[in-house]
Amino acid sequence: MPDYLGSHVQVSLAALALGLVISLPLAILARNHAVIRGILLGLASVVQTVPGLALLALFYPLLLAIASLTLRWFGFDFSAFGFLPAMLALALYSMLPVLRNTITGLNGVDPALLEAAQGVGMTPRQSLFTVELPLALPVIMAGIRTSAVWVIGTATLSTPIGQTSLGNYIFAGLQTQNWVLVLFGCVASALLALAVDQFLTLIERGLRERKRLHTMLGSVGIAALVTATLIPSIARAPSTYVVGAKTFAEQYVLSALIEQRLQAAGLQALTREGLGSSVIFQALAANNIDVYVDYSGTLWVNQ
């Protein structure tokens with residue numbers, strides 16, 4: 001549980017932060033340009049129509065190709081397994097609510113206030129940061145709340161590309177027909193999303209009603225939740241060996257046996273479960289995992 005929950009929070013937090021860093025400047029840039037605004041919202045809407053599992057799966061071979069090109073051209077590569085493709089795909093999923101609410105909030109500011117700001121000699125930059133953004137912040141926070149819930153829910157689908165999450169419970173339960181695991185994974189993910197949403201609601205209410213206590217309580221709650229979930233994964237010793245497992249009951253058993261044998265020999269090991277056949281073989285070839293059990297027929301057909 002600490003590993004699954006900590007990894008789930010880590011990838012969700014990174015994806016949401018990346019989505020905000022990209023979305024907020026784009027929304028500010030596009031708020032007064034109808035063509036740019038239409039293109040951005042259209043592209044973000046198209047991303048939402050792509051099934052989450054498909055989007056996550058598409059990023060893995062794409063990043064593998066980019067990593068091979070960087071190795072060939074510049075002499076270095078990076079891991080395209082697990083965290084990076086999951087973070088990038090989830091960041092794309094988080095953009096639409098933030099873009100839409102930021103543009104709506106900024107365009108909803110009373111024109112009389114903007115005229116007054118201009119009348120007292122404010123530059124457009126000063127007006128943006130002093131008048132427009134503070135007034136639009138409650139609406140922007142509503143978009144961030146929606147993005148956070150979407151990202152936390154969709155992060156459960158990142159298990160097949162090697163990112164540990166609460167989805168490990170769901171995928172393992174589905175493959176082994178252990179419905180308690182499926183239910184536990186769903187409930188844990190839902191509770192995490194609800195907790196984050198409630199803390200963000202406190203922040204939004206504090207900003208809207210000018211109540212610093214609500215804003216502070218929401219911020220402290222978010223910080224405490226993130227700290228409590230990330231500390232176990234940070235404190236864990238780095239693993240020397242990574243054991244992969246595909247989505248079959250015997251794979252879970254065999255990977256657990258290999259992990260236990262390595263640990264019994266005094267070595268640090270962990271498992272990455274629920275991986276697809278193509279993903280796990282490419283991860284082995286790229287040295288992202290060290291060992292997994294395959295069947296010659298499956299490997300021959302796929303490769």
# chains A, B, ... in the order shown; residues from 1 in each chain; ligands from 1
$ select_by_dssp --residues "stretch 250-300 of chain A" --states "helix (DSSP H, G or I)" --output "list in words"
Glu250, Gln251, Tyr252, Val253, Leu254, Ser255, Ala256, Leu257, Ile258, Glu259, Gln260, Arg261, Leu262, Gln263, Ala264, Ser277, Ser278, Val279, Ile280, Phe281, Gln282, Ala283, Leu284, Ala285, Ser296, Gly297, Thr298, Leu299 and Trp300 of chain A
$ closest_residue --among "A:Val98, A:Ala193, A:Met1, A:Val151" --to "A:Leu181" --atoms "only C-alpha atoms"
A:Met1
$ atom_distance --atom1 "atom CA of A:Gly42" --atom2 "atom CA of A:Pro134"
26.6 Å
$ closest_atom_pairs --of "stretch 132-237 of chain A" --to "stretch 116-127 of chain A" --cutoff "12 Å" --atoms "only C-alpha atoms" --output "JSON lines"
{"residue": "A:Glu132", "atom": "CA", "partner": "A:Ser127", "partner_atom": "CA", "distance": 6.3}
{"residue": "A:Leu133", "atom": "CA", "partner": "A:Ser127", "partner_atom": "CA", "distance": 8.6}
{"residue": "A:Pro134", "atom": "CA", "partner": "A:Ser127", "partner_atom": "CA", "distance": 10.1}
{"residue": "A:Leu135", "atom": "CA", "partner": "A:Ser127", "partner_atom": "CA", "distance": 11.0}
$ select_by_dssp --residues "stretch 25-247 of chain A" --states "strand (DSSP E)" --output "list in words"
Tyr241, Val242, Val243, Gly244, Ala245 and Lys246 of chain A
$ residues_around --residues "A:Ala285" --least-positions-apart "3" --cutoff "12 Å" --atoms "only C-alpha atoms" --output "ChimeraX atom specification"
/A:64,68,79-81,278-282,288-292,303
$ atom_distance --atom1 "atom CA of A:Gly274" --atom2 "atom CA of A:Thr146"
28.0 Å
$ closest_residue --among "A:Phe199, A:Val187, A:Phe171, A:Gly218" --to "A:Ala245" --atoms "only C-alpha atoms"
A:Phe171
$ decode --residues "stretch 43-54 of chain A" --atoms "all heavy atoms" --output "PDB file, in the first residue's frame"
ATOM      1  N   LEU A  43      -7.842  21.489 -29.389  1.00  0.00           N
ATOM      2  CA  LEU A  43      -6.842  20.440 -29.217  1.00  0.00           C
ATOM      3  C   LEU A  43      -6.990  19.746 -27.857  1.00  0.00           C
ATOM      4  O   LEU A  43      -6.892  18.519 -27.756  1.00  0.00           O
ATOM      5  CB  LEU A  43      -5.435  21.031 -29.348  1.00  0.00           C
ATOM      6  CG  LEU A  43      -5.016  21.486 -30.750  1.00  0.00           C
ATOM      7  CD1 LEU A  43      -3.654  22.171 -30.703  1.00  0.00           C
ATOM      8  CD2 LEU A  43      -4.980  20.305 -31.716  1.00  0.00           C
ATOM      9  N   ALA A  44      -7.218  20.554 -26.811  1.00  0.00           N
ATOM     10  CA  ALA A  44      -7.395  19.973 -25.483  1.00  0.00           C
ATOM     11  C   ALA A  44      -8.640  19.096 -25.424  1.00  0.00           C
ATOM     12  O   ALA A  44      -8.654  18.054 -24.753  1.00  0.00           O
ATOM     13  CB  ALA A  44      -7.477  21.078 -24.433  1.00  0.00           C
ATOM     14  N   SER A  45      -9.698  19.494 -26.140  1.00  0.00           N
ATOM     15  CA  SER A  45     -10.920  18.690 -26.174  1.00  0.00           C
ATOM     16  C   SER A  45     -10.687  17.375 -26.910  1.00  0.00           C
ATOM     17  O   SER A  45     -11.222  16.328 -26.517  1.00  0.00           O
ATOM     18  CB  SER A  45     -12.047  19.476 -26.852  1.00  0.00           C
ATOM     19  OG  SER A  45     -12.343  20.659 -26.130  1.00  0.00           O
ATOM     20  N   VAL A  46      -9.891  17.413 -27.986  1.00  0.00           N
ATOM     21  CA  VAL A  46      -9.583  16.189 -28.731  1.00  0.00           C
ATOM     22  C   VAL A  46      -8.840  15.201 -27.842  1.00  0.00           C
ATOM     23  O   VAL A  46      -9.103  13.986 -27.870  1.00  0.00           O
ATOM     24  CB  VAL A  46      -8.763  16.519 -29.993  1.00  0.00           C
ATOM     25  CG1 VAL A  46      -8.181  15.251 -30.609  1.00  0.00           C
ATOM     26  CG2 VAL A  46      -9.621  17.244 -31.012  1.00  0.00           C
ATOM     27  N   VAL A  47      -7.912  15.700 -27.032  1.00  0.00           N
ATOM     28  CA  VAL A  47      -7.166  14.825 -26.117  1.00  0.00           C
ATOM     29  C   VAL A  47      -8.122  14.099 -25.176  1.00  0.00           C
ATOM     30  O   VAL A  47      -7.946  12.912 -24.876  1.00  0.00           O
ATOM     31  CB  VAL A  47      -6.130  15.644 -25.319  1.00  0.00           C
ATOM     32  CG1 VAL A  47      -5.531  14.800 -24.193  1.00  0.00           C
ATOM     33  CG2 VAL A  47      -5.023  16.144 -26.236  1.00  0.00           C
ATOM     34  N   GLN A  48      -9.167  14.808 -24.711  1.00  0.00           N
ATOM     35  CA  GLN A  48     -10.111  14.196 -23.787  1.00  0.00           C
ATOM     36  C   GLN A  48     -10.914  13.073 -24.427  1.00  0.00           C
ATOM     37  O   GLN A  48     -11.439  12.206 -23.718  1.00  0.00           O
ATOM     38  CB  GLN A  48     -11.075  15.269 -23.249  1.00  0.00           C
ATOM     39  CG  GLN A  48     -10.421  16.312 -22.372  1.00  0.00           C
ATOM     40  CD  GLN A  48      -9.821  15.718 -21.124  1.00  0.00           C
ATOM     41  OE1 GLN A  48     -10.380  14.806 -20.526  1.00  0.00           O
ATOM     42  NE2 GLN A  48      -8.669  16.225 -20.711  1.00  0.00           N
ATOM     43  N   THR A  49     -11.036  13.085 -25.762  1.00  0.00           N
ATOM     44  CA  THR A  49     -11.801  12.025 -26.426  1.00  0.00           C
ATOM     45  C   THR A  49     -10.996  10.740 -26.582  1.00  0.00           C
ATOM     46  O   THR A  49     -11.570   9.690 -26.866  1.00  0.00           O
ATOM     47  CB  THR A  49     -12.271  12.486 -27.829  1.00  0.00           C
ATOM     48  OG1 THR A  49     -11.128  12.692 -28.677  1.00  0.00           O
ATOM     49  CG2 THR A  49     -13.064  13.787 -27.730  1.00  0.00           C
ATOM     50  N   VAL A  50      -9.671  10.818 -26.425  1.00  0.00           N
ATOM     51  CA  VAL A  50      -8.826   9.622 -26.536  1.00  0.00           C
ATOM     52  C   VAL A  50      -8.930   8.826 -25.238  1.00  0.00           C
ATOM     53  O   VAL A  50      -8.748   9.389 -24.156  1.00  0.00           O
ATOM     54  CB  VAL A  50      -7.360  10.011 -26.803  1.00  0.00           C
ATOM     55  CG1 VAL A  50      -6.492   8.755 -26.913  1.00  0.00           C
ATOM     56  CG2 VAL A  50      -7.247  10.855 -28.057  1.00  0.00           C
ATOM     57  N   PRO A  51      -9.242   7.534 -25.293  1.00  0.00           N
ATOM     58  CA  PRO A  51      -9.285   6.738 -24.059  1.00  0.00           C
ATOM     59  C   PRO A  51      -7.974   6.838 -23.284  1.00  0.00           C
ATOM     60  O   PRO A  51      -6.882   6.846 -23.877  1.00  0.00           O
ATOM     61  CB  PRO A  51      -9.533   5.312 -24.569  1.00  0.00           C
ATOM     62  CG  PRO A  51     -10.185   5.495 -25.895  1.00  0.00           C
ATOM     63  CD  PRO A  51      -9.579   6.745 -26.483  1.00  0.00           C
ATOM     64  N   GLY A  52      -8.092   6.923 -21.977  1.00  0.00           N
ATOM     65  CA  GLY A  52      -6.911   7.128 -21.144  1.00  0.00           C
ATOM     66  C   GLY A  52      -5.859   6.049 -21.312  1.00  0.00           C
ATOM     67  O   GLY A  52      -4.664   6.346 -21.407  1.00  0.00           O
ATOM     68  N   LEU A  53      -6.276   4.791 -21.364  1.00  0.00           N
ATOM     69  CA  LEU A  53      -5.311   3.702 -21.498  1.00  0.00           C
ATOM     70  C   LEU A  53      -4.584   3.779 -22.835  1.00  0.00           C
ATOM     71  O   LEU A  53      -3.380   3.515 -22.920  1.00  0.00           O
ATOM     72  CB  LEU A  53      -6.027   2.363 -21.350  1.00  0.00           C
ATOM     73  CG  LEU A  53      -5.146   1.113 -21.302  1.00  0.00           C
ATOM     74  CD1 LEU A  53      -4.144   1.200 -20.158  1.00  0.00           C
ATOM     75  CD2 LEU A  53      -6.009  -0.139 -21.154  1.00  0.00           C
ATOM     76  N   ALA A  54      -5.314   4.166 -23.895  1.00  0.00           N
ATOM     77  CA  ALA A  54      -4.690   4.283 -25.217  1.00  0.00           C
ATOM     78  C   ALA A  54      -3.660   5.407 -25.231  1.00  0.00           C
ATOM     79  O   ALA A  54      -2.568   5.259 -25.794  1.00  0.00           O
ATOM     80  CB  ALA A  54      -5.758   4.523 -26.280  1.00  0.00           C
TER      81      ALA A  54
END
